[in-house]
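Shown next: protein_36.csv, containing CSV, C-alpha atoms and all ligand atoms.
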```
chain,number,residue,atom,x,y,z
X,15,MET,CA,-21.4,-28.1,12.3
X,16,LYS,CA,-21.2,-24.3,11.9
X,17,VAL,CA,-17.8,-23.2,10.8
X,18,LEU,CA,-16.5,-19.6,10.7
X,19,GLY,CA,-14.3,-19.1,7.7
X,20,ILE,CA,-11.7,-16.3,7.6
X,21,GLU,CA,-9.9,-15.2,4.4
X,22,THR,CA,-7.3,-12.4,4.4
X,23,SER,CA,-4.7,-13.7,1.9
X,24,CYS,CA,-4.7,-10.6,-0.3
X,25,ASP,CA,-6.9,-7.6,-0.6
X,26,GLU,CA,-10.3,-9.0,0.4
X,27,CYS,CA,-11.2,-9.1,4.1
X,28,SER,CA,-13.8,-11.8,4.4
X,29,ALA,CA,-15.6,-13.8,7.1
X,30,ALA,CA,-18.4,-16.4,6.5
X,31,ILE,CA,-20.4,-19.0,8.3
X,32,VAL,CA,-21.1,-22.2,6.5
X,33,GLU,CA,-23.1,-25.1,8.0
X,34,ASP,CA,-22.0,-28.7,7.3
X,35,GLY,CA,-19.7,-27.6,4.4
X,36,GLU,CA,-22.7,-26.8,2.2
X,37,LYS,CA,-25.1,-24.2,3.5
X,38,ILE,CA,-23.9,-20.6,3.4
X,39,LEU,CA,-25.4,-18.7,6.4
X,40,SER,CA,-23.4,-15.5,5.7
X,41,ASN,CA,-20.5,-14.5,3.5
X,42,VAL,CA,-19.2,-11.0,4.2
X,43,ILE,CA,-16.5,-9.6,1.8
X,44,ALA,CA,-15.0,-6.2,2.4
X,45,THR,CA,-12.8,-5.2,-0.6
X,46,GLN,CA,-9.8,-2.9,-0.3
X,47,ILE,CA,-9.8,-2.0,-4.0
X,48,PRO,CA,-10.2,1.8,-3.5
X,49,PHE,CA,-7.2,1.8,-1.1
X,50,HIS,CA,-4.9,0.1,-3.7
X,51,ALA,CA,-6.3,1.7,-6.8
X,52,PRO,CA,-3.9,4.8,-6.7
X,53,TRP,CA,-1.0,2.4,-7.0
X,54,SER,CA,-2.6,0.2,-9.7
X,55,GLY,CA,-1.8,-2.9,-7.6
X,56,VAL,CA,-2.0,-4.4,-4.2
X,57,VAL,CA,0.3,-2.7,-1.7
X,58,PRO,CA,1.1,-5.4,0.9
X,59,GLU,CA,1.6,-2.9,3.8
X,60,ILE,CA,-1.7,-1.2,3.2
X,61,ALA,CA,-3.4,-4.6,2.8
X,62,SER,CA,-2.3,-6.0,6.1
X,63,ARG,CA,-3.1,-2.7,7.9
X,64,LYS,CA,-6.7,-2.7,6.5
X,65,HIS,CA,-7.2,-6.3,7.5
X,66,THR,CA,-6.1,-5.4,11.0
X,67,GLU,CA,-8.6,-2.5,11.1
X,68,TRP,CA,-11.5,-4.5,9.6
X,69,ILE,CA,-11.3,-8.1,10.6
X,70,TYR,CA,-13.2,-7.8,13.9
X,71,ALA,CA,-16.1,-5.8,12.3
X,72,VAL,CA,-16.2,-8.2,9.3
X,73,ALA,CA,-16.4,-11.3,11.6
X,74,LYS,CA,-19.0,-9.6,13.7
X,75,GLU,CA,-21.1,-8.8,10.6
X,76,ALA,CA,-20.9,-12.4,9.5
X,77,LEU,CA,-22.3,-13.5,12.9
X,78,GLU,CA,-25.1,-10.9,12.7
X,79,LYS,CA,-26.1,-11.8,9.1
X,80,ALA,CA,-26.2,-15.5,10.1
X,81,GLU,CA,-28.2,-14.4,13.2
X,82,LEU,CA,-25.8,-16.4,15.4
X,83,ASP,CA,-23.9,-15.8,18.6
X,84,VAL,CA,-20.2,-16.6,19.0
X,85,LYS,CA,-21.2,-19.5,21.2
X,86,ASP,CA,-23.1,-21.1,18.2
X,87,ILE,CA,-19.8,-21.5,16.2
X,88,ASP,CA,-18.4,-25.0,16.4
X,89,ALA,CA,-15.0,-24.4,14.7
X,90,VAL,CA,-12.9,-21.9,12.8
X,91,ALA,CA,-11.2,-22.4,9.4
X,92,VAL,CA,-8.7,-19.9,8.1
X,93,THR,CA,-6.5,-19.4,5.0
X,94,ASN,CA,-2.8,-19.6,6.0
X,95,ARG,CA,-1.3,-20.2,2.5
X,96,PRO,CA,-0.5,-18.9,-0.1
X,97,GLY,CA,-0.7,-15.2,-0.1
X,98,LEU,CA,0.8,-12.0,1.3
X,99,SER,CA,2.5,-13.0,4.6
X,100,GLY,CA,1.4,-9.8,6.5
X,101,SER,CA,-2.2,-10.2,5.3
X,102,LEU,CA,-2.4,-13.9,6.0
X,103,LEU,CA,-1.0,-13.3,9.5
X,104,VAL,CA,-3.9,-11.0,10.4
X,105,GLY,CA,-6.6,-13.6,9.6
X,106,LEU,CA,-4.6,-16.5,11.1
X,107,SER,CA,-4.0,-14.6,14.4
X,108,PHE,CA,-7.7,-13.6,14.6
X,109,ALA,CA,-8.8,-17.2,13.9
X,110,LYS,CA,-6.4,-18.7,16.5
X,111,ALA,CA,-7.5,-16.2,19.1
X,112,PHE,CA,-11.2,-16.8,18.3
X,113,ALA,CA,-10.8,-20.6,18.5
X,114,TRP,CA,-8.6,-20.4,21.7
X,115,ALA,CA,-11.0,-18.1,23.5
X,116,LEU,CA,-14.0,-20.3,22.8
X,117,ASN,CA,-12.1,-23.6,23.2
X,118,ILE,CA,-13.2,-24.8,19.7
X,119,PRO,CA,-11.1,-26.5,17.0
X,120,PHE,CA,-9.4,-24.5,14.3
X,121,ILE,CA,-8.0,-25.6,10.9
X,122,ALA,CA,-5.6,-23.9,8.5
X,123,ILE,CA,-6.5,-24.0,4.9
X,124,ASP,CA,-4.8,-23.9,1.5
X,125,HIS,CA,-6.5,-21.0,-0.4
X,126,MET,CA,-6.1,-22.7,-3.8
X,127,LEU,CA,-7.8,-25.9,-2.7
X,128,ALA,CA,-10.6,-23.7,-1.3
X,129,HIS,CA,-11.1,-22.0,-4.7
X,130,LEU,CA,-11.7,-25.4,-6.2
X,131,TYR,CA,-14.2,-26.2,-3.5
X,132,ALA,CA,-16.2,-23.0,-4.1
X,133,PRO,CA,-18.7,-24.5,-6.6
X,134,ARG,CA,-19.5,-27.3,-4.2
X,135,LEU,CA,-21.3,-24.6,-2.2
X,136,LEU,CA,-23.9,-24.2,-4.9
X,137,PRO,CA,-27.3,-25.5,-3.9
X,138,ASP,CA,-27.9,-26.8,-7.4
X,139,ASN,CA,-25.5,-27.9,-10.2
X,140,ARG,CA,-22.9,-29.1,-7.6
X,141,PRO,CA,-20.1,-30.8,-9.4
X,142,GLU,CA,-19.1,-34.4,-8.5
X,143,TYR,CA,-15.5,-35.7,-8.3
X,144,PRO,CA,-13.5,-36.3,-10.4
X,145,PHE,CA,-13.4,-33.1,-12.4
X,146,LEU,CA,-10.9,-30.8,-14.2
X,147,GLY,CA,-10.1,-27.7,-12.2
X,148,LEU,CA,-9.1,-24.4,-13.8
X,149,LEU,CA,-7.6,-22.1,-11.1
X,150,VAL,CA,-6.9,-18.7,-12.5
X,151,SER,CA,-6.1,-15.8,-10.2
X,152,GLY,CA,-3.6,-12.9,-9.9
X,153,GLY,CA,-0.9,-15.2,-8.8
X,154,HIS,CA,-1.7,-18.6,-10.2
X,155,THR,CA,-2.8,-20.4,-13.3
X,156,ILE,CA,-3.3,-24.1,-12.7
X,157,ILE,CA,-5.0,-26.8,-14.7
X,158,CYS,CA,-5.6,-29.9,-12.5
X,159,ARG,CA,-7.5,-33.1,-11.9
X,160,ALA,CA,-9.5,-33.1,-8.7
X,161,ASP,CA,-10.4,-36.5,-7.3
X,162,ASN,CA,-11.5,-35.1,-3.9
X,163,PHE,CA,-11.4,-31.8,-2.0
X,164,ASP,CA,-7.8,-32.5,-1.0
X,165,ASP,CA,-6.7,-34.8,-3.8
X,166,ILE,CA,-5.4,-32.7,-6.6
X,167,THR,CA,-3.0,-33.6,-9.5
X,168,VAL,CA,-1.5,-30.7,-11.3
X,169,LEU,CA,-1.6,-31.2,-15.1
X,170,GLY,CA,-0.5,-27.8,-16.2
X,171,THR,CA,0.6,-24.4,-14.9
X,172,THR,CA,2.0,-21.2,-16.3
X,173,ILE,CA,5.6,-21.2,-17.2
X,174,ASP,CA,5.9,-17.4,-16.6
X,175,ASP,CA,3.1,-14.9,-15.7
X,176,ALA,CA,-0.3,-15.9,-14.2
X,177,ALA,CA,-3.3,-15.1,-16.3
X,178,GLY,CA,-4.6,-12.4,-13.9
X,179,GLU,CA,-1.2,-10.9,-13.7
X,180,ALA,CA,-1.2,-10.5,-17.5
X,181,PHE,CA,-4.5,-8.6,-17.3
X,182,ASP,CA,-3.3,-6.5,-14.5
X,183,LYS,CA,0.0,-5.6,-16.2
X,184,VAL,CA,-1.5,-4.7,-19.5
X,185,ALA,CA,-4.1,-2.5,-17.7
X,186,LYS,CA,-1.4,-0.8,-15.6
X,187,PHE,CA,0.8,-0.1,-18.6
X,188,TYR,CA,-2.1,1.6,-20.6
X,189,ASN,CA,-3.6,3.2,-17.5
X,190,PHE,CA,-6.9,1.5,-18.1
X,191,GLY,CA,-7.8,1.4,-14.4
X,192,TYR,CA,-7.8,-0.9,-11.5
X,193,PRO,CA,-8.4,-3.8,-11.0
X,194,GLY,CA,-7.1,-4.7,-14.4
X,195,GLY,CA,-9.0,-7.9,-15.1
X,196,LYS,CA,-12.4,-6.5,-14.5
X,197,VAL,CA,-11.6,-3.2,-16.4
X,198,ILE,CA,-10.3,-5.0,-19.5
X,199,ASP,CA,-13.3,-7.3,-19.4
X,200,ASP,CA,-15.7,-4.3,-19.3
X,201,MET,CA,-13.8,-2.3,-22.0
X,202,SER,CA,-13.7,-5.3,-24.3
X,203,HIS,CA,-17.5,-5.2,-24.7
X,204,ASN,CA,-17.0,-2.0,-26.7
X,205,GLY,CA,-13.9,-3.0,-28.6
X,206,ASP,CA,-13.0,-4.9,-31.8
X,207,SER,CA,-11.1,-8.1,-30.9
X,208,GLY,CA,-9.9,-8.2,-34.5
X,209,ALA,CA,-8.1,-4.9,-34.3
X,210,PHE,CA,-4.8,-6.5,-33.4
X,211,ASN,CA,-3.7,-10.0,-34.3
X,212,PHE,CA,-1.7,-10.9,-31.2
X,213,PRO,CA,0.1,-14.2,-31.3
X,214,LEU,CA,-0.8,-17.4,-29.5
X,215,PRO,CA,2.3,-18.9,-27.8
X,216,SER,CA,3.5,-22.1,-29.5
X,217,LEU,CA,3.5,-24.0,-26.3
X,218,HIS,CA,1.1,-26.9,-26.6
X,219,LYS,CA,3.3,-29.9,-27.4
X,220,GLY,CA,4.9,-32.7,-25.4
X,221,ASP,CA,5.3,-32.0,-21.7
X,222,HIS,CA,3.7,-28.6,-22.2
X,223,ARG,CA,0.4,-29.7,-23.6
X,224,TYR,CA,-1.5,-28.3,-20.6
X,225,ASP,CA,0.9,-25.4,-19.7
X,226,VAL,CA,0.3,-21.8,-20.6
X,227,SER,CA,2.5,-18.8,-21.1
X,228,TYR,CA,1.6,-15.1,-20.9
X,229,SER,CA,4.9,-13.3,-21.2
X,230,GLY,CA,4.9,-13.3,-25.1
X,231,LEU,CA,1.4,-11.9,-25.3
X,232,LYS,CA,2.2,-9.3,-22.6
X,233,THR,CA,5.3,-8.2,-24.6
X,234,ALA,CA,3.3,-8.1,-27.8
X,235,VAL,CA,0.6,-5.9,-26.3
X,236,ILE,CA,2.9,-3.6,-24.4
X,237,ASN,CA,6.0,-3.3,-26.6
X,238,GLN,CA,5.0,-4.4,-30.1
X,239,LEU,CA,1.5,-3.0,-30.6
X,240,GLU,CA,2.3,-1.7,-34.1
X,241,MET,CA,3.6,-5.0,-35.2
X,242,PHE,CA,0.3,-6.7,-34.7
X,243,ARG,CA,-2.0,-3.9,-35.8
X,244,VAL,CA,-4.7,-4.8,-38.3
X,245,LYS,CA,-6.9,-1.8,-38.1
X,246,LYS,CA,-5.8,1.7,-39.2
X,247,GLU,CA,-7.6,3.6,-36.4
X,248,PHE,CA,-8.0,1.9,-33.1
X,249,THR,CA,-9.2,2.6,-29.5
X,250,ASN,CA,-8.1,1.5,-26.1
X,251,GLU,CA,-11.2,-0.8,-26.1
X,252,ASP,CA,-9.8,-2.4,-29.3
X,253,ILE,CA,-6.5,-3.1,-27.5
X,254,ALA,CA,-8.4,-4.6,-24.5
X,255,ALA,CA,-10.6,-6.8,-26.6
X,256,SER,CA,-7.8,-8.1,-28.8
X,257,PHE,CA,-5.7,-8.9,-25.8
X,258,GLN,CA,-8.5,-10.6,-23.9
X,259,LYS,CA,-9.4,-12.7,-26.9
X,260,ILE,CA,-5.9,-14.3,-27.0
X,261,ALA,CA,-5.6,-14.4,-23.2
X,262,VAL,CA,-8.7,-16.5,-23.0
X,263,GLU,CA,-7.7,-18.7,-26.0
X,264,ILE,CA,-4.4,-19.6,-24.3
X,265,LEU,CA,-6.4,-20.9,-21.3
X,266,LEU,CA,-8.9,-22.7,-23.4
X,267,ARG,CA,-6.4,-24.5,-25.6
X,268,ALA,CA,-4.6,-26.0,-22.6
X,269,LEU,CA,-7.9,-26.9,-20.9
X,270,LEU,CA,-9.4,-28.5,-23.9
X,271,ASN,CA,-6.2,-30.6,-24.4
X,272,ALA,CA,-6.5,-31.7,-20.7
X,273,ALA,CA,-10.2,-32.6,-21.2
X,274,GLN,CA,-9.5,-34.6,-24.3
X,275,ASP,CA,-6.6,-36.6,-22.7
X,276,THR,CA,-8.2,-37.3,-19.3
X,277,GLY,CA,-11.7,-37.9,-20.7
X,278,LEU,CA,-13.0,-35.7,-17.9
X,279,CYS,CA,-15.9,-33.6,-19.1
X,280,THR,CA,-16.8,-31.5,-16.1
X,281,ILE,CA,-14.7,-28.4,-15.6
X,282,VAL,CA,-14.7,-26.3,-12.5
X,283,ALA,CA,-13.3,-22.8,-12.7
X,284,GLY,CA,-12.1,-20.8,-9.7
X,285,GLY,CA,-10.1,-17.7,-8.9
X,286,GLY,CA,-10.7,-14.1,-9.9
X,287,VAL,CA,-10.1,-14.6,-13.7
X,288,ALA,CA,-13.0,-17.1,-13.6
X,289,ALA,CA,-15.2,-14.1,-13.5
X,290,ASN,CA,-14.1,-13.2,-17.1
X,291,SER,CA,-17.2,-12.9,-19.3
X,292,LEU,CA,-15.4,-14.1,-22.5
X,293,LEU,CA,-13.9,-17.1,-20.7
X,294,ARG,CA,-17.5,-18.0,-19.6
X,295,ILE,CA,-18.9,-17.6,-23.1
X,296,ARG,CA,-16.1,-19.6,-24.8
X,297,LEU,CA,-16.4,-22.5,-22.3
X,298,ALA,CA,-20.2,-22.5,-22.6
X,299,GLU,CA,-19.7,-23.0,-26.4
X,300,GLN,CA,-18.0,-26.3,-25.7
X,301,LYS,CA,-21.1,-28.4,-25.8
X,302,HIS,CA,-19.3,-31.7,-24.9
X,303,LEU,CA,-18.2,-30.2,-21.6
X,304,ARG,CA,-20.1,-29.2,-18.5
X,305,CYS,CA,-18.5,-26.1,-17.1
X,306,VAL,CA,-19.3,-25.0,-13.5
X,307,PHE,CA,-18.6,-21.4,-12.6
X,308,PRO,CA,-19.3,-20.2,-9.1
X,309,PRO,CA,-21.3,-17.0,-8.9
X,310,LEU,CA,-19.2,-13.9,-8.7
X,311,ASP,CA,-19.1,-13.6,-4.9
X,312,LEU,CA,-17.7,-17.2,-4.7
X,313,CYS,CA,-15.3,-16.7,-7.6
X,314,GLY,CA,-13.0,-14.2,-6.0
X,315,ASP,CA,-11.5,-14.5,-2.5
X,316,ASN,CA,-14.2,-15.2,0.1
X,317,GLY,CA,-14.6,-16.8,3.5
X,318,ALA,CA,-17.3,-19.2,2.5
X,319,MET,CA,-15.0,-21.4,0.5
X,320,ILE,CA,-12.6,-21.6,3.4
X,321,ALA,CA,-15.4,-22.5,5.9
X,322,GLY,CA,-16.8,-25.0,3.4
X,323,ILE,CA,-13.6,-27.0,2.8
X,324,GLY,CA,-12.6,-26.6,6.4
X,325,TYR,CA,-15.6,-28.6,7.5
X,326,HIS,CA,-14.4,-31.7,5.6
X,327,TYR,CA,-11.0,-31.6,7.3
X,328,LEU,CA,-12.7,-31.1,10.7
X,329,VAL,CA,-15.1,-34.0,10.4
X,330,ARG,CA,-12.1,-36.2,9.5
X,331,GLY,CA,-10.7,-35.2,12.9
X,332,GLU,CA,-8.0,-32.9,11.6
X,333,ARG,CA,-6.9,-29.9,13.7
X,334,SER,CA,-4.1,-27.3,13.3
X,335,PRO,CA,-1.9,-26.6,16.3
X,336,LEU,CA,-1.9,-23.1,17.7
X,337,ASN,CA,1.7,-22.6,16.6
X,338,THR,CA,0.7,-22.9,12.9
X,339,THR,CA,2.1,-20.1,10.8
X,340,VAL,CA,1.6,-18.6,7.3
X,341,CYS,CA,3.2,-19.7,4.1
X,342,ALA,CA,3.5,-17.1,1.2
X,343,ARG,CA,4.0,-19.7,-1.5
X,344,VAL,CA,1.7,-22.4,-2.7
X,345,THR,CA,2.6,-25.9,-1.6
X,346,GLY,CA,1.5,-29.1,-3.3
X,347,PHE,CA,0.6,-27.3,-6.6
X,348,LYS,CA,3.8,-28.0,-8.5
X,349,LYS,CA,3.5,-29.8,-11.7
X,350,LYS,CA,5.6,-33.0,-11.9
X,351,TYR,CA,7.2,-33.4,-15.3
X,352,PRO,CA,8.0,-36.9,-16.4
C,1,LIG,O1,-8.6,-14.9,-6.9
C,1,LIG,P1,-8.4,-13.5,-6.9
C,1,LIG,O2,-9.5,-12.6,-6.4
C,1,LIG,O3,-7.2,-13.1,-6.0
C,1,LIG,C1,-5.9,-13.8,-6.1
C,1,LIG,O4,-5.1,-13.4,-6.9
C,1,LIG,O5,-5.8,-14.7,-5.2
C,1,LIG,O6,-8.0,-13.0,-8.4
C,1,LIG,C2,-7.6,-11.7,-8.7
C,1,LIG,C3,-7.2,-11.6,-10.1
C,1,LIG,C4,-6.7,-10.3,-10.6
C,1,LIG,O7,-5.5,-10.5,-11.4
C,1,LIG,C5,-7.8,-9.7,-11.4
C,1,LIG,O8,-7.3,-8.8,-12.4
C,1,LIG,C6,-8.4,-10.9,-12.0
C,1,LIG,O9,-8.4,-11.8,-10.9
C,1,LIG,N1,-9.8,-10.7,-12.4
C,1,LIG,C7,-10.2,-10.8,-13.7
C,1,LIG,C8,-11.6,-10.4,-13.8
C,1,LIG,N2,-12.0,-10.1,-12.5
C,1,LIG,C9,-10.9,-10.3,-11.7
C,1,LIG,N3,-9.5,-11.2,-14.8
C,1,LIG,C10,-10.2,-11.2,-16.0
C,1,LIG,N4,-11.5,-10.9,-16.1
C,1,LIG,C11,-12.2,-10.5,-15.0
C,1,LIG,N5,-13.5,-10.2,-15.2
C,2,ZN,ZN,-7.8,-16.3,-4.7
```
Could I get this structure in the form of structure tokens?
Ligand code: KG4
Ligand code: ZN
Amino acid sequence: MKVLGIETSCDECSAAIVEDGEKILSNVIATQIPFHAPWSGVVPEIASRKHTEWIYAVAKEALEKAELDVKDIDAVAVTNRPGLSGSLLVGLSFAKAFAWALNIPFIAIDHMLAHLYAPRLLPDNRPEYPFLGLLVSGGHTIICRADNFDDITVLGTTIDDAAGEAFDKVAKFYNFGYPGGKVIDDMSHNGDSGAFNFPLPSLHKGDHRYDVSYSGLKTAVINQLEMFRVKKEFTNEDIAASFQKIAVEILLRALLNAAQDTGLCTIVAGGGVAANSLLRIRLAEQKHLRCVFPPLDLCGDNGAMIAGIGYHYLVRGERSPLNTTVCARVTGFKKKYP
């Protein structure tokens, strides 16, 4: 079954074709980064406008790259939650129209579940269930247990800012550039991570053993730099490296607690922050764990993960009605405290 996957939840306009939930025939990702860069953040109005302008060409390119005709597509999968409402609506409307015109099934997909599915698209090193999931993006930070593509138990979340949001806010404050996570990651290679001794939050006990918090670190880096300075002379790269070190340690501590308590030793990382080079290094150092990181084009937002997971709902006979709408907030990813 060849599924067309459409993803427009934020600032990537993507269409992909995946066969039988496994084989990527094409994965076209058009990024809007240059259009949002002057504002150091995603401007929702610009994002939805660009999706409207691009979606047809992006989908056409996905068909061309896969060397397929529209008639070869068996079904359409599309992100309808969570994300920017205006952006989601563009992809959803396109997908509905495509499916209706060809009289083929369509299914609406939860973007966060799709991020966890992304490593299942790897030809080798495909993780088997159950595994621990680390979902780290601009809007979410979730540590969960995955027993199937749609069977997720949330173990920990952020109690304030998302991991990517912390990177983005620090980069914005110091005018490091956009997008913040990638810029800080690159700058850190030339910085001294011991230049500042930023604090780790003391949030690792009781009900919060798998939760993370970024607001304290963000405040320390933005408002209390002097208080944590170790080196006399410092550079912007030193600030970036010192921040990144603690930002990654925060994730690692909660994740290692979860691995220890659940006994699960496969970790699957997804979302934009999963591209972080230090996070990858620190996890690779944990020899008792097997960490699966999707390649960079499957880490960020992409249509292939949507088409891939969509296939599994479709073979189960699930369909979304044509009056399906978008949902800005994530559903089913709330942590249940005892
Ligand atoms: O999953 P994603 O592409 O979009 C959503 O938020 O859904 O994630 C984007 C986030 C941004 O906050 C960006 O700064 C962060 O991922 N990011 C990174 C890196 N690349 C992207 N954060 C840390 N290190 C990176 N290399
Ligand atoms: Zn995402």
* Quick one: everything within 12 Å of Ala177 (chain X), counting all atoms listed in the file, minus sequence neighbours fewer than 2 positions away in the same chain. Send it as a ChimeraX atom specification. => /X:148-157,171-175,179-184,194-195,225-229,231-232,257-258,260-266,285-288,290,293
* Asked: Within 12 Å of ligand ZN 2 (chain C), counting all atoms listed in the file, which protein or nucleic acid residues do you find, written as number ranges by chain?
  -> X: 21-28, 93, 95-98, 124-132, 149-155, 178, 283-289, 311-317, 319-320, 344
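The neighbours of region 58-60 of chain X here are the residues that come within 12 Å of it, using all atoms listed in the file and leaving out any residue fewer than 3 positions away in the same chain; they are Thr22, Ser23, Cys24, Asp25, Glu26, Gln46, Ile47, Pro48, Phe49, His50, Ala51, Pro52, Trp53, Gly55, Arg63, Lys64, His65, Thr66, Glu67, Gly97, Leu98, Ser99, Gly100, Ser101, Leu102, Leu103, Val104 and Ala342 of chain X.
CA of Ile295 (chain X) is found 14.7 Å from atom N2 of ligand LIG 1 (chain C).
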* **All residues 8 Å or closer to region 140-143 of chain X, only C-alpha atoms, same chain fewer than 6 positions away omitted, as an MDAnalysis selection string** => chainID X and resid 133:134 160:162 280 282 306
* Asked: So which residues touch region 235-243 of chain X within 9 Å, counting all atoms listed in the file, skipping near sequence neighbours fewer than 5 positions away, as a VMD selection string?
  -> chain X and resid 183 to 184 187 to 188 209 to 213 230 248 253 257
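Closest approach to ligand LIG 1 (chain C) among X:Lys245, X:Lys196, X:Arg333, X:His203: X:Lys196, based on all atoms listed in the file.
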* **Atomic distance CA of Ala318 (chain X) - CA of Thr45 (chain X), expressed in Å with one decimal** => 15.0 Å
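Going from CA of Pro215 (chain X) over to CA of Ala234 (chain X), you cover 10.8 Å.
Nearest-residue note for Gly170 (chain X): choosing from X:Gly277, X:Gly220, X:Pro144, X:Pro309, the minimum distance belongs to X:Gly220, counting all atoms listed in the file.
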* Long-range neighbours of region 323-326 of chain X as a PyMOL selection string, 7 Å cut-off, only C-alpha atoms, 4 positions minimum in chain -> chain X and resi 17+34-35+91+121+123+128+131+319+330
Selected residues written out with C-alpha atoms, as a PDB file, in the coordinates of the input:
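Output contents, as saved in again-v1.pdb:
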```
ATOM      1  CA  VAL X  17     -17.800 -23.200  10.800  1.00  0.00           C
ATOM      2  CA  ASP X  34     -22.000 -28.700   7.300  1.00  0.00           C
ATOM      3  CA  GLY X  35     -19.700 -27.600   4.400  1.00  0.00           C
ATOM      4  CA  ALA X  91     -11.200 -22.400   9.400  1.00  0.00           C
ATOM      5  CA  ILE X 121      -8.000 -25.600  10.900  1.00  0.00           C
ATOM      6  CA  ILE X 123      -6.500 -24.000   4.900  1.00  0.00           C
ATOM      7  CA  ALA X 128     -10.600 -23.700  -1.300  1.00  0.00           C
ATOM      8  CA  TYR X 131     -14.200 -26.200  -3.500  1.00  0.00           C
ATOM      9  CA  MET X 319     -15.000 -21.400   0.500  1.00  0.00           C
ATOM     10  CA  ARG X 330     -12.100 -36.200   9.500  1.00  0.00           C
TER      11      ARG X 330
END
```
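Considering all atoms listed in the file, the residue among X:Leu39, X:Leu146, X:Leu269, X:Val56 positioned nearest to ligand LIG 1 (chain C) is X:Val56.
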* To do: For each of X:Asp199, X:Glu299, X:Glu78, X:Asp221, take the minimum atom-to-atom distance to ligand LIG 1 (chain C), counting only C-alpha atoms and all ligand atoms, then give the residue where this is smallest.
  => X:Asp199
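Of the listed residues X:Glu33, X:Asp200, X:Asp86, X:Glu81, the one whose atoms come nearest to ligand LIG 1 (chain C) is X:Asp200, with distances taken using only C-alpha atoms and all ligand atoms.
For the choices X:Phe120, X:Trp68, X:Phe145, X:Phe112, the atom-to-atom distance to Thr338 (chain X) is smallest for X:Phe120 when using all atoms listed in the file.
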